[in-house]
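So this one's model34.txt, compact mmCIF, C-alpha atoms:
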# COMPACT_ATOMS: atom_id res chain seq x y z
CA MET A 1 92.22 16.39 -41.45
CA ALA A 2 92.05 12.61 -41.72
CA LEU A 3 94.32 9.96 -40.20
CA VAL A 4 94.75 6.29 -40.97
CA THR A 5 97.01 3.73 -39.30
CA GLN A 6 98.66 0.59 -40.57
CA GLY A 7 100.19 -2.09 -38.41
CA CYS A 8 100.80 -2.65 -34.73
CA LYS A 9 99.45 -1.25 -31.47
CA VAL A 10 102.52 0.99 -31.16
CA ASN A 11 101.56 2.66 -34.42
CA GLN A 12 97.96 2.97 -33.22
CA TYR A 13 99.19 4.70 -30.10
CA ASP A 14 101.45 7.02 -32.08
CA THR A 15 98.53 8.01 -34.30
CA GLN A 16 96.46 8.96 -31.27
CA VAL A 17 99.32 11.14 -30.00
CA LEU A 18 99.35 12.92 -33.37
CA LEU A 19 95.58 13.28 -33.40
CA GLU A 20 95.43 14.93 -30.00
CA ARG A 21 98.23 17.32 -30.99
CA PHE A 22 96.32 18.33 -34.12
CA LEU A 23 93.04 18.75 -32.22
CA ALA A 24 94.80 20.96 -29.67
CA GLN A 25 95.89 23.20 -32.56
CA GLY A 26 92.32 23.60 -33.80
CA TRP A 27 92.19 20.98 -36.54
CA GLU A 28 88.96 19.04 -37.08
CA LEU A 29 88.96 15.32 -37.75
CA VAL A 30 87.08 13.79 -40.69
CA ARG A 31 86.72 10.15 -41.65
CA PHE A 32 89.47 8.74 -43.85
CA GLY A 33 88.27 8.69 -47.45
CA GLU A 34 86.36 11.96 -47.10
CA PRO A 35 87.70 15.28 -48.47
CA ALA A 36 90.38 16.66 -46.15
CA ASP A 37 92.90 19.50 -46.20
CA LEU A 38 95.44 17.04 -44.80
CA THR A 39 95.58 13.25 -44.67
CA VAL A 40 98.19 11.62 -42.41
CA ILE A 41 99.06 7.98 -43.11
CA ASN A 42 101.01 6.24 -40.33
CA SER A 43 102.68 3.45 -42.27
CA CYS A 44 103.94 -0.08 -41.63
CA THR A 45 106.56 -1.90 -43.70
CA VAL A 46 106.89 -5.25 -41.95
CA THR A 47 105.61 -7.21 -44.96
CA ALA A 48 105.19 -6.76 -48.70
CA GLY A 49 101.46 -6.85 -48.05
CA ALA A 50 101.75 -3.77 -45.84
CA ASP A 51 103.59 -1.95 -48.63
CA ALA A 52 100.86 -2.87 -51.12
CA ASP A 53 98.16 -1.70 -48.69
CA LEU A 54 100.02 1.58 -48.28
CA ARG A 55 99.96 2.24 -52.02
CA ARG A 56 96.20 1.71 -52.00
CA LEU A 57 95.76 4.03 -49.00
CA VAL A 58 97.75 6.80 -50.69
CA ALA A 59 95.71 6.44 -53.88
CA ARG A 60 92.45 6.55 -51.94
CA ALA A 61 93.54 9.63 -49.99
CA ARG A 62 94.46 11.43 -53.21
CA ARG A 63 91.16 10.54 -54.89
CA ALA A 64 89.22 11.87 -51.91
CA SER A 65 91.19 15.12 -51.65
CA ALA A 66 92.65 16.26 -54.94
CA GLN A 67 93.70 19.60 -53.46
CA GLY A 68 94.61 18.40 -49.96
CA ARG A 69 98.05 17.38 -48.75
CA VAL A 70 98.98 13.75 -48.07
CA LEU A 71 101.61 13.21 -45.39
CA LEU A 72 103.34 9.86 -44.94
CA THR A 73 104.89 8.96 -41.60
CA GLY A 74 105.68 5.76 -39.71
CA CYS A 75 107.94 2.83 -40.47
CA LEU A 76 108.08 2.90 -44.25
CA ALA A 77 108.70 6.64 -44.08
CA GLU A 78 111.68 5.95 -41.82
CA VAL A 79 113.16 2.99 -43.71
CA ASP A 80 112.59 4.19 -47.27
CA PRO A 81 111.80 7.92 -47.36
CA ALA A 82 112.73 8.21 -51.03
CA GLY A 83 110.40 5.35 -51.92
CA GLY A 84 107.63 6.93 -49.87
CA ALA A 85 108.13 10.31 -51.53
CA ALA A 86 107.98 8.64 -54.93
CA LEU A 87 104.47 7.29 -54.32
CA PRO A 88 102.07 9.28 -56.53
CA GLY A 89 100.13 11.68 -54.36
CA VAL A 90 102.49 11.93 -51.36
CA ASP A 91 103.41 15.53 -50.51
CA LEU A 92 105.58 15.12 -47.39
CA VAL A 93 107.44 12.23 -45.75
CA VAL A 94 108.27 12.31 -42.01
CA GLY A 95 110.07 9.30 -40.48
CA ASN A 96 109.54 7.89 -37.00
CA ARG A 97 112.39 9.82 -35.42
CA ARG A 98 110.79 13.10 -36.55
CA LYS A 99 107.17 12.40 -35.66
CA GLY A 100 107.45 14.84 -32.77
CA GLU A 101 108.26 17.61 -35.27
CA LEU A 102 105.36 16.87 -37.58
CA LEU A 103 103.31 20.01 -36.94
CA ALA A 104 106.37 22.22 -37.27
CA LEU A 105 107.42 20.50 -40.49
CA LEU A 106 103.97 21.10 -41.95
CA ALA A 107 104.47 24.77 -41.18
CA GLY A 108 107.73 24.76 -43.14
CA ALA A 109 110.28 24.37 -40.36
CA ALA A 110 113.58 22.64 -41.08
CA PRO A 111 113.99 19.11 -39.64
CA GLN A 112 115.76 18.95 -36.28
CA ALA A 113 115.94 15.32 -35.08
CA GLN A 114 119.07 13.47 -36.19
CA SER A 115 118.63 10.29 -34.15
CA PHE A 116 116.04 8.39 -32.18
CA PRO A 117 115.46 9.72 -28.65
CA ALA A 118 117.04 8.05 -25.64
CA ARG A 119 113.69 7.39 -23.94
CA VAL A 120 110.01 7.12 -24.82
CA GLY A 121 108.43 10.51 -24.35
CA ASP A 122 105.37 12.02 -26.00
CA ASP A 123 102.24 14.00 -25.23
CA PRO A 124 99.66 12.33 -22.99
CA ILE A 125 96.63 10.80 -24.67
CA THR A 126 93.21 10.64 -23.06
CA ARG A 127 91.41 8.18 -25.34
CA LEU A 128 91.73 5.71 -28.18
CA ASP A 129 89.02 6.56 -30.69
CA GLY A 130 86.58 3.71 -31.17
CA ARG A 131 88.22 1.53 -28.52
CA GLY A 132 86.93 0.44 -25.15
CA ARG A 133 90.40 -0.62 -24.02
CA ALA A 134 93.29 1.83 -23.90
CA ILE A 135 96.79 1.32 -25.34
CA LEU A 136 99.77 2.72 -23.46
CA LYS A 137 103.16 2.61 -25.17
CA ILE A 138 105.87 1.97 -22.60
CA GLN A 139 108.74 0.82 -24.87
CA ASP A 140 109.91 1.35 -28.44
CA GLY A 141 112.67 -0.02 -30.63
CA CYS A 142 114.44 -3.39 -30.65
CA ASN A 143 117.96 -4.66 -29.89
CA LEU A 144 117.58 -7.95 -31.76
CA ARG A 145 118.72 -8.54 -35.31
CA CYS A 146 116.36 -11.24 -36.53
CA SER A 147 117.24 -12.13 -40.11
CA PHE A 148 113.84 -11.24 -41.59
CA CYS A 149 113.00 -8.09 -39.64
CA ILE A 150 113.37 -4.44 -40.64
CA VAL A 151 111.95 -3.07 -37.37
CA PRO A 152 115.31 -2.11 -35.74
CA ARG A 153 115.95 0.21 -38.70
CA ALA A 154 112.42 1.55 -38.59
CA ARG A 155 112.25 2.05 -34.83
CA GLY A 156 115.82 2.27 -33.55
CA ALA A 157 117.30 0.68 -30.44
CA SER A 158 115.20 -0.22 -27.40
CA ARG A 159 114.15 2.63 -25.13
CA SER A 160 111.50 2.93 -22.44
CA ARG A 161 109.10 5.33 -20.78
CA GLY A 162 109.86 6.31 -17.20
CA ALA A 163 107.99 4.31 -14.57
CA ALA A 164 106.60 7.39 -12.83
CA GLU A 165 105.40 8.83 -16.13
CA THR A 166 103.87 5.47 -17.06
CA LEU A 167 101.90 5.38 -13.82
CA GLY A 168 100.69 8.92 -14.42
CA ARG A 169 99.55 8.02 -17.94
CA ALA A 170 97.71 4.94 -16.65
CA ARG A 171 95.94 7.04 -14.02
CA LEU A 172 94.96 9.61 -16.67
CA LEU A 173 93.40 6.90 -18.82
CA ALA A 174 91.50 5.59 -15.79
CA GLU A 175 90.21 9.11 -15.12
CA HIS A 176 88.82 9.13 -18.65
CA GLY A 177 86.84 5.98 -18.05
CA TYR A 178 89.07 3.15 -19.21
CA ARG A 179 89.06 -0.08 -17.21
CA GLU A 180 91.78 -1.89 -19.17
CA VAL A 181 95.20 -0.69 -20.32
CA VAL A 182 97.19 -2.68 -22.87
CA LEU A 183 100.90 -2.12 -22.25
CA SER A 184 102.51 -2.02 -25.66
CA GLY A 185 105.94 -1.86 -27.21
CA ILE A 186 108.06 -3.30 -29.98
CA GLN A 187 109.79 -5.65 -27.49
CA LEU A 188 108.11 -5.22 -24.10
CA GLY A 189 110.57 -7.48 -22.36
CA PHE A 190 113.39 -5.00 -23.00
CA TYR A 191 111.65 -2.50 -20.71
CA ARG A 192 114.00 -0.73 -18.32
CA ASP A 193 113.01 2.43 -16.46
CA PRO A 194 115.43 5.14 -17.64
CA ASP A 195 115.12 6.75 -14.21
CA GLY A 196 116.06 3.54 -12.38
CA ALA A 197 112.86 3.08 -10.36
CA ALA A 198 111.82 -0.13 -12.15
CA ARG A 199 114.54 -2.54 -13.19
CA ASP A 200 112.32 -4.56 -15.55
CA LEU A 201 108.77 -5.18 -16.77
CA ALA A 202 107.79 -7.11 -13.64
CA ALA A 203 108.89 -4.25 -11.39
CA LEU A 204 106.95 -1.76 -13.53
CA LEU A 205 103.81 -3.90 -13.27
CA GLU A 206 104.19 -4.02 -9.49
CA GLN A 207 104.22 -0.22 -9.41
CA LEU A 208 101.22 0.05 -11.73
CA LEU A 209 99.21 -2.39 -9.62
CA ALA A 210 100.10 -0.58 -6.40
CA GLY A 211 99.42 2.86 -7.86
CA THR A 212 96.02 2.20 -9.48
CA ARG A 213 92.78 0.61 -8.34
CA ASP A 214 90.20 0.48 -11.14
CA LEU A 215 92.38 -0.83 -13.95
CA ARG A 216 93.31 -4.22 -15.27
CA PHE A 217 96.43 -4.61 -17.39
CA ARG A 218 97.19 -6.66 -20.47
CA LEU A 219 100.63 -7.19 -22.03
CA GLY A 220 101.38 -6.89 -25.72
CA SER A 221 103.64 -9.28 -27.60
CA LEU A 222 106.56 -10.85 -25.72
CA LEU A 223 109.60 -12.91 -26.53
CA PRO A 224 109.47 -16.24 -24.67
CA ARG A 225 112.64 -15.41 -22.73
CA HIS A 226 111.06 -12.24 -21.35
CA LEU A 227 108.26 -14.01 -19.47
CA SER A 228 110.39 -14.29 -16.34
CA PRO A 229 109.57 -16.19 -13.12
CA ALA A 230 108.94 -12.84 -11.39
CA LEU A 231 106.50 -11.82 -14.10
CA ARG A 232 104.68 -15.16 -13.96
CA ALA A 233 104.45 -14.89 -10.18
CA LEU A 234 102.66 -11.56 -10.55
CA PHE A 235 100.10 -13.10 -12.87
CA ARG A 236 99.45 -15.87 -10.35
CA ALA A 237 99.05 -13.35 -7.54
CA GLU A 238 96.80 -10.89 -9.43
CA PRO A 239 94.37 -12.96 -11.56
CA ALA A 240 91.71 -10.23 -11.58
CA ARG A 241 94.00 -7.40 -12.60
CA LEU A 242 96.53 -9.05 -14.92
CA CYS A 243 94.89 -10.55 -17.99
CA PRO A 244 95.94 -14.20 -18.58
CA HIS A 245 96.68 -13.56 -22.24
CA PHE A 246 100.17 -14.00 -23.68
CA HIS A 247 101.16 -13.33 -27.27
CA LEU A 248 104.45 -15.22 -27.53
CA SER A 249 106.05 -14.79 -30.94
CA LEU A 250 107.20 -18.16 -32.33
CA GLN A 251 107.78 -17.41 -36.07
CA SER A 252 108.71 -21.04 -36.84
CA GLY A 253 108.23 -24.38 -35.13
CA ASP A 254 111.43 -25.85 -36.57
CA ASP A 255 114.75 -25.36 -34.77
CA GLY A 256 116.74 -25.17 -37.99
CA VAL A 257 114.56 -22.37 -39.32
CA LEU A 258 114.72 -20.61 -35.95
CA ARG A 259 118.51 -20.65 -36.20
CA ALA A 260 118.30 -19.19 -39.73
CA MET A 261 115.95 -16.53 -38.41
CA LYS A 262 118.40 -15.71 -35.58
CA ARG A 263 115.63 -16.08 -33.02
CA PRO A 264 116.83 -16.32 -29.37
CA TYR A 265 114.97 -19.54 -28.38
CA ARG A 266 114.29 -23.08 -29.59
CA GLN A 267 111.38 -25.53 -29.52
CA ALA A 268 112.16 -26.93 -26.09
CA HIS A 269 112.19 -23.51 -24.42
CA TYR A 270 108.96 -22.43 -26.08
CA ARG A 271 107.15 -25.67 -25.21
CA ALA A 272 108.31 -25.59 -21.60
CA LEU A 273 107.08 -22.01 -21.18
CA ALA A 274 103.68 -22.74 -22.73
CA GLU A 275 103.20 -25.79 -20.52
CA THR A 276 104.30 -23.84 -17.44
CA LEU A 277 101.79 -21.07 -18.11
CA CYS A 278 98.98 -23.59 -18.54
CA ALA A 279 99.96 -25.30 -15.29
CA GLU A 280 100.22 -22.07 -13.29
CA LEU A 281 97.14 -20.22 -14.59
CA VAL A 282 93.53 -21.14 -15.37
CA ASP A 283 93.37 -21.90 -19.10
CA PRO A 284 95.35 -18.85 -20.26
CA CYS A 285 95.00 -17.60 -23.82
CA LEU A 286 98.24 -18.18 -25.73
CA GLY A 287 98.73 -16.66 -29.17
CA THR A 288 101.61 -16.42 -31.59
CA ASP A 289 102.97 -15.23 -34.95
CA LEU A 290 104.28 -17.57 -37.64
CA ILE A 291 106.17 -17.00 -40.89
CA VAL A 292 106.03 -19.48 -43.78
CA GLY A 293 108.66 -19.65 -46.51
CA HIS A 294 111.63 -18.17 -44.68
CA PRO A 295 114.94 -19.13 -46.38
CA GLY A 296 115.94 -22.50 -45.00
CA GLU A 297 112.38 -23.78 -44.67
CA ASP A 298 111.85 -26.76 -46.97
CA ALA A 299 108.93 -29.20 -46.94
CA ALA A 300 110.47 -31.32 -44.19
CA ALA A 301 111.19 -28.30 -41.96
CA PHE A 302 107.66 -27.04 -42.43
CA ALA A 303 106.22 -30.45 -41.56
CA ARG A 304 108.26 -30.52 -38.35
CA GLY A 305 107.10 -27.01 -37.52
CA LEU A 306 103.47 -27.87 -38.22
CA ASP A 307 103.68 -30.87 -35.89
CA PHE A 308 105.21 -28.67 -33.21
CA VAL A 309 102.46 -26.05 -33.50
CA ALA A 310 99.87 -28.84 -33.33
CA SER A 311 101.34 -29.94 -29.99
CA LEU A 312 101.12 -26.48 -28.39
CA PRO A 313 98.20 -25.18 -26.26
CA LEU A 314 97.56 -22.21 -28.55
CA ALA A 315 94.27 -20.32 -28.80
CA TYR A 316 95.07 -18.30 -31.92
CA GLY A 317 97.87 -17.28 -34.25
CA HIS A 318 98.73 -14.99 -37.15
CA VAL A 319 100.41 -16.44 -40.23
CA PHE A 320 102.47 -14.41 -42.71
CA PRO A 321 104.37 -15.35 -45.86
CA PHE A 322 108.05 -14.44 -45.73
CA SER A 323 108.68 -10.98 -47.18
CA PRO A 324 112.28 -10.17 -48.15
CA ARG A 325 112.96 -6.67 -46.79
CA PRO A 326 115.97 -4.79 -48.22
CA GLY A 327 118.56 -4.25 -45.51
CA THR A 328 117.84 -7.49 -43.65
CA ALA A 329 120.08 -10.56 -43.54
CA ALA A 330 117.46 -12.83 -45.11
CA ALA A 331 116.66 -10.55 -48.04
CA ALA A 332 119.15 -12.12 -50.45
CA LEU A 333 119.04 -15.71 -49.17
CA PRO A 334 117.60 -18.39 -51.45
CA GLY A 335 115.05 -21.04 -50.60
CA GLY A 336 111.83 -21.10 -48.70
CA GLY A 337 109.68 -22.65 -51.41
CA THR A 338 107.67 -21.43 -54.36
CA ALA A 339 104.78 -18.99 -54.03
CA ALA A 340 102.34 -21.92 -54.35
CA GLU A 341 104.17 -23.89 -51.65
CA LYS A 342 104.15 -20.91 -49.31
CA ALA A 343 100.44 -20.41 -49.90
CA ALA A 344 99.73 -24.07 -49.16
CA ARG A 345 101.81 -23.94 -45.96
CA GLY A 346 99.98 -20.81 -44.86
CA ARG A 347 96.61 -22.48 -45.42
CA ALA A 348 97.66 -25.55 -43.45
CA LEU A 349 98.78 -23.44 -40.48
CA ARG A 350 95.66 -21.26 -40.55
CA GLU A 351 93.39 -24.30 -40.64
CA LEU A 352 95.24 -25.81 -37.67
CA LEU A 353 95.08 -22.57 -35.71
CA ALA A 354 91.37 -22.18 -36.50
CA GLU A 355 90.76 -25.65 -35.03
CA LYS A 356 92.74 -24.74 -31.93
CA GLY A 357 90.79 -21.50 -31.55
CA ALA A 358 87.47 -23.31 -31.80
CA ALA A 359 88.59 -25.86 -29.21
CA TYR A 360 89.72 -23.10 -26.85
CA ARG A 361 86.39 -21.29 -27.17
CA GLU A 362 84.49 -24.51 -26.55
CA ARG A 363 86.40 -24.98 -23.29
CA GLN A 364 85.06 -21.68 -22.03
CA ARG A 365 81.47 -22.98 -21.67
CA GLY A 366 80.26 -22.43 -18.13
CA ARG A 367 83.16 -20.16 -17.17
CA ARG A 368 82.68 -16.78 -15.55
CA LEU A 369 84.66 -14.11 -17.40
CA ALA A 370 85.14 -10.36 -16.92
CA VAL A 371 84.20 -8.53 -20.13
CA ILE A 372 84.95 -4.96 -21.19
CA THR A 373 81.95 -3.76 -23.25
CA GLU A 374 83.07 -2.16 -26.51
CA GLU A 375 80.22 -1.94 -29.02
CA GLN A 376 76.50 -2.64 -29.06
CA GLY A 377 75.01 -4.96 -31.64
CA ALA A 378 71.47 -5.83 -32.66
CA GLY A 379 68.92 -6.64 -29.99
CA GLY A 380 70.83 -4.93 -27.21
CA VAL A 381 73.69 -7.44 -27.31
CA TRP A 382 77.02 -5.99 -26.21
CA ILE A 383 80.24 -7.14 -27.84
CA GLY A 384 83.34 -6.96 -25.71
CA THR A 385 86.67 -8.52 -24.79
CA SER A 386 87.28 -10.85 -21.86
CA GLU A 387 90.41 -11.06 -19.75
CA ASN A 388 91.49 -14.11 -21.78
CA TYR A 389 91.19 -12.19 -25.06
CA GLN A 390 87.93 -13.66 -26.27
CA ARG A 391 85.33 -11.67 -28.15
CA VAL A 392 82.10 -12.09 -26.22
CA ALA A 393 78.49 -11.45 -27.26
CA LEU A 394 76.89 -10.45 -23.97
CA ARG A 395 73.13 -10.61 -23.43
CA GLY A 396 71.16 -9.15 -20.55
CA ALA A 397 73.58 -6.29 -19.90
CA ARG A 398 72.35 -2.80 -19.11
CA ALA A 399 75.64 -1.11 -19.82
CA ALA A 400 77.54 1.59 -21.62
CA ALA A 401 80.72 1.21 -23.62
CA GLY A 402 83.82 0.63 -21.53
CA GLU A 403 82.19 -1.06 -18.54
CA LEU A 404 83.64 -4.14 -16.88
CA LEU A 405 80.94 -6.80 -16.47
CA ALA A 406 80.86 -10.36 -15.22
CA ALA A 407 79.55 -12.85 -17.75
CA ARG A 408 78.72 -16.55 -17.71
CA VAL A 409 79.63 -18.26 -20.98
CA THR A 410 76.72 -20.25 -22.42
CA GLY A 411 78.15 -21.32 -25.78
CA THR A 412 79.97 -20.30 -28.93
CA ALA A 413 78.88 -18.49 -32.08
CA GLY A 414 81.63 -18.77 -34.67
CA PRO A 415 84.53 -16.59 -33.50
CA LEU A 416 82.49 -15.28 -30.54
CA LEU A 417 81.55 -16.60 -27.15
CA SER A 418 77.89 -16.29 -26.17
CA ALA A 419 77.36 -15.19 -22.59
CA GLU A 420 74.84 -13.83 -20.10
CA ALA A 421 75.59 -10.84 -17.90
CA VAL A 422 75.61 -11.83 -14.22
CA GLY A 423 76.70 -8.61 -12.51
CA ALA A 424 79.72 -6.41 -12.01
CA GLY A 425 83.08 -7.56 -13.31
CA ALA A 426 85.91 -9.06 -11.33
CA PRO A 427 86.96 -6.75 -8.47
CA VAL A 428 89.98 -4.60 -9.23
Take the structure from the file and write it as structure tokens.
Amino acid sequence: MALVTQGCKVNQYDTQVLLERFLAQGWELVRFGEPADLTVINSCTVTAGADADLRRLVARARRASAQGRVLLTGCLAEVDPAGGAALPGVDLVVGNRRKGELLALLAGAAPQAQSFPARVGDDPITRLDGRGRAILKIQDGCNLRCSFCIVPRARGASRSRGAAETLGRARLLAEHGYREVVLSGIQLGFYRDPDGAARDLAALLEQLLAGTRDLRFRLGSLLPRHLSPALRALFRAEPARLCPHFHLSLQSGDDGVLRAMKRPYRQAHYRALAETLCAELVDPCLGTDLIVGHPGEDAAAFARGLDFVASLPLAYGHVFPFSPRPGTAAAALPGGGTAAEKAARGRALRELLAEKGAAYRERQRGRRLAVITEEQGAGGVWIGTSENYQRVALRGARAAAGELLAARVTGTAGPLLSAEAVGAGAPV
């Protein structure tokens, strides 16, 4: 069998759950694009680009395995099962709510799940193939109704993994050699322990820190309002074990567009939070997502948003053109600019963010960082990820993949930091 994943870390985690289930049943994994009896595609449908990529993946899977089956699961399979089934080469479509039944459905069983579960629950995973840092899904679904977003339909309402189970999963990953766990979800800040032992994300982190020793933790994407004072206090108190990296979704830097998007914050709140983080922590890495061409964004709104982004202490960002998704409030709204205008806005934002990223990397010269080794390059150089989410080319390290090493930054090399190994990583 072969598997391929589109989209977010939650999808990556879900794919690993599926893989370990298949391996436990005696299946053998082959590389995607090679002949396979079964190819599973875990889909995304956040943007039109993701839909186009999916069509190419299905075509490639069918070319590689004319007689094999192609199974489509994930978000597009949930939102538009008929459209997924209509793609040439797809044999079976299984939406997100039925992923747990996938093996039984392949065997011909009738579907059982009628709704999304009330809590996050799945089989334990012991590794993330090809990754030196583990992903642990602790939350799924979303209670917001942003005008542009199809995710609530694709993933259902917010639900969480139990705190005790989460701690057990983190310990299992540590037993299998991981030194970093990325806590992931669709909206992490909605985390609430269904068993009542952790009232919010900060309380869960407290339990994870107390219940583990050799792990550091990184948070996935957050809404600005979810980075609470209690959560920030934990990051100040545990600088070695909580990575100072915050992906705070912005989507637009203009308040009028934010209102049209139905986002639950405005410029002033976002700026205040970014400035607070930079004042409380040592040069944290702040990243974001931005959409260009949302209905309501004209040239003046974009210019205001661009100026706002320029004023922020960001280290990176992802820029997407607006994609009208059927079933969302923004799908039928006019405006947002022509395709050429959207492309020009996207280029302007990417150029600005590239400058900010280069400036952030330049500021790291001379710093001591803790790097997880992930892959070895030419000349014995290890490439890894630092606590502040920088890719680091590490010289002088006698290491294996997945080790936590201390490094002194000596310079930059394009998107990488250059560094020398100086010993063991930060104590955890």
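Reported to one decimal place, the separation of atom CA of A:Ala421 from atom CA of A:Ala174 is 23.0 Å.
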All residues 7 Å or closer to A:Glu374, only C-alpha atoms, same chain fewer than 3 positions away omitted, as an NGL selection string: :A and (131-132 or 383-384 or 401-402)
Given all atoms listed in the file, how would the per-residue table for stretch 162-279 of chain A near stretch 314-334 of chain A read, listing every residue at most 10 Å away with its closest atom pair and distance in Å to one decimal, sorted by chain and number, as a tab-separated table?
residue	atom	partner	partner_atom	distance
A:His245	CA	A:Ala315	CA	9.7
A:Phe246	CA	A:Leu314	CA	9.9
A:His247	CA	A:Gly317	CA	8.7
A:Leu248	CA	A:Gly317	CA	9.6
A:Ser249	CA	A:Gly317	CA	9.2
A:Leu250	CA	A:Gly317	CA	9.6
A:Gln251	CA	A:Val319	CA	8.5
A:Ala260	CA	A:Ala330	CA	8.4
A:Met261	CA	A:Ala330	CA	7.8
A:Lys262	CA	A:Ala329	CA	9.6
A:Ala274	CA	A:Leu314	CA	8.5
Which residue, A:Leu57, A:Ala197, A:Ala348, A:Leu72, has the smallest gap to A:Asp307 when you use all atoms listed in the file?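 Looking at the shortest contact to A:Asp307, the residue is A:Ala348.
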Excluding A:Pro264 and any residue of its chain fewer than 4 positions from it, enumerate the residues within 9 Å of it, using all atoms listed in the file, and give them as a CSV table (one decimal) with C-alpha atoms, keeping the file's coordinate frame.
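Saved result, selection.csv, follows:
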chain,number,residue,atom,x,y,z
A,144,LEU,CA,117.6,-8.0,-31.8
A,146,CYS,CA,116.4,-11.2,-36.5
A,223,LEU,CA,109.6,-12.9,-26.5
A,224,PRO,CA,109.5,-16.2,-24.7
A,225,ARG,CA,112.6,-15.4,-22.7
A,258,LEU,CA,114.7,-20.6,-36.0
A,259,ARG,CA,118.5,-20.6,-36.2
Atom CA of A:Asn96 and atom CA of A:Ile186 are how many Å apart?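 Between atom CA of A:Asn96 and atom CA of A:Ile186 the gap is 13.3 Å.
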Hey, which of A:Val90, A:Tyr13, A:Leu18, A:Gly68 ends up closest to A:Glu34? Count only C-alpha atoms.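 Answer, going by the shortest atom-to-atom distance: A:Gly68.
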Give me, as a PyMOL selection string, all polymer residues having an atom no more than 12 Å from A:Leu227, counting only C-alpha atoms and skipping those fewer than 3 positions away in the same chain. chain A and resi 187-190+200-202+219-224+230-235+245-249+269-270+272-274+276-277
If you count only C-alpha atoms, which residues fall within 12 Å of A:Gly305, apart from same-chain ones fewer than 2 positions away, as an MDAnalysis selection string? chainID A and resid 250:258 266:267 290:293 297:303 307:312 345:346 348:349 352
Go ahead and write the residues just picked, C-alpha atoms, as a tab-separated table (two decimals), in the coordinates of the input.
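Once written, result_4.tsv looks like this:
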chain	number	residue	atom	x	y	z
A	250	LEU	CA	107.20	-18.16	-32.33
A	251	GLN	CA	107.78	-17.41	-36.07
A	252	SER	CA	108.71	-21.04	-36.84
A	253	GLY	CA	108.23	-24.38	-35.13
A	254	ASP	CA	111.43	-25.85	-36.57
A	255	ASP	CA	114.75	-25.36	-34.77
A	256	GLY	CA	116.74	-25.17	-37.99
A	257	VAL	CA	114.56	-22.37	-39.32
A	258	LEU	CA	114.72	-20.61	-35.95
A	266	ARG	CA	114.29	-23.08	-29.59
A	267	GLN	CA	111.38	-25.53	-29.52
A	290	LEU	CA	104.28	-17.57	-37.64
A	291	ILE	CA	106.17	-17.00	-40.89
A	292	VAL	CA	106.03	-19.48	-43.78
A	293	GLY	CA	108.66	-19.65	-46.51
A	297	GLU	CA	112.38	-23.78	-44.67
A	298	ASP	CA	111.85	-26.76	-46.97
A	299	ALA	CA	108.93	-29.20	-46.94
A	300	ALA	CA	110.47	-31.32	-44.19
A	301	ALA	CA	111.19	-28.30	-41.96
A	302	PHE	CA	107.66	-27.04	-42.43
A	303	ALA	CA	106.22	-30.45	-41.56
A	307	ASP	CA	103.68	-30.87	-35.89
A	308	PHE	CA	105.21	-28.67	-33.21
A	309	VAL	CA	102.46	-26.05	-33.50
A	310	ALA	CA	99.87	-28.84	-33.33
A	311	SER	CA	101.34	-29.94	-29.99
A	312	LEU	CA	101.12	-26.48	-28.39
A	345	ARG	CA	101.81	-23.94	-45.96
A	346	GLY	CA	99.98	-20.81	-44.86
A	348	ALA	CA	97.66	-25.55	-43.45
A	349	LEU	CA	98.78	-23.44	-40.48
A	352	LEU	CA	95.24	-25.81	-37.67
Could you give me, as a Markdown table, a per-residue list for stretch 56-99 of chain A showing, wherever an atom lies at most 10 Å from an atom of stretch 42-49 of chain A, the closest pair of atoms and their distance in Å to one decimal, using all atoms listed in the file and sorting by chain then residue number from low to high?
| residue | atom | partner | partner_atom | distance |
| --- | --- | --- | --- | --- |
| A:Leu57 | CA | A:Ser43 | CA | 9.7 |
| A:Leu71 | CA | A:Asn42 | CA | 8.6 |
| A:Leu72 | CA | A:Asn42 | CA | 6.3 |
| A:Thr73 | CA | A:Asn42 | CA | 4.9 |
| A:Gly74 | CA | A:Ser43 | CA | 4.6 |
| A:Cys75 | CA | A:Cys44 | CA | 5.1 |
| A:Leu76 | CA | A:Thr45 | CA | 5.1 |
| A:Ala77 | CA | A:Ser43 | CA | 7.0 |
| A:Glu78 | CA | A:Ser43 | CA | 9.4 |
| A:Val79 | CA | A:Thr45 | CA | 8.2 |
| A:Asp80 | CA | A:Thr45 | CA | 9.3 |
| A:Gly84 | CA | A:Ser43 | CA | 9.7 |
| A:Val94 | CA | A:Asn42 | CA | 9.6 |
| A:Gly95 | CA | A:Asn42 | CA | 9.6 |
| A:Asn96 | CA | A:Asn42 | CA | 9.3 |
| A:Lys99 | CA | A:Asn42 | CA | 9.9 |
Would you save the residues from that selection as a short mmCIF file (atom, residue, chain, number, x, y, z; two decimals), in the frame of the given file, using C-alpha atoms?
data_model
loop_
_atom_site.label_atom_id
_atom_site.label_comp_id
_atom_site.auth_asym_id
_atom_site.auth_seq_id
_atom_site.Cartn_x
_atom_site.Cartn_y
_atom_site.Cartn_z
CA LEU A 57 95.76 4.03 -49.00
CA LEU A 71 101.61 13.21 -45.39
CA LEU A 72 103.34 9.86 -44.94
CA THR A 73 104.89 8.96 -41.60
CA GLY A 74 105.68 5.76 -39.71
CA CYS A 75 107.94 2.83 -40.47
CA LEU A 76 108.08 2.90 -44.25
CA ALA A 77 108.70 6.64 -44.08
CA GLU A 78 111.68 5.95 -41.82
CA VAL A 79 113.16 2.99 -43.71
CA ASP A 80 112.59 4.19 -47.27
CA GLY A 84 107.63 6.93 -49.87
CA VAL A 94 108.27 12.31 -42.01
CA GLY A 95 110.07 9.30 -40.48
CA ASN A 96 109.54 7.89 -37.00
CA LYS A 99 107.17 12.40 -35.66
#
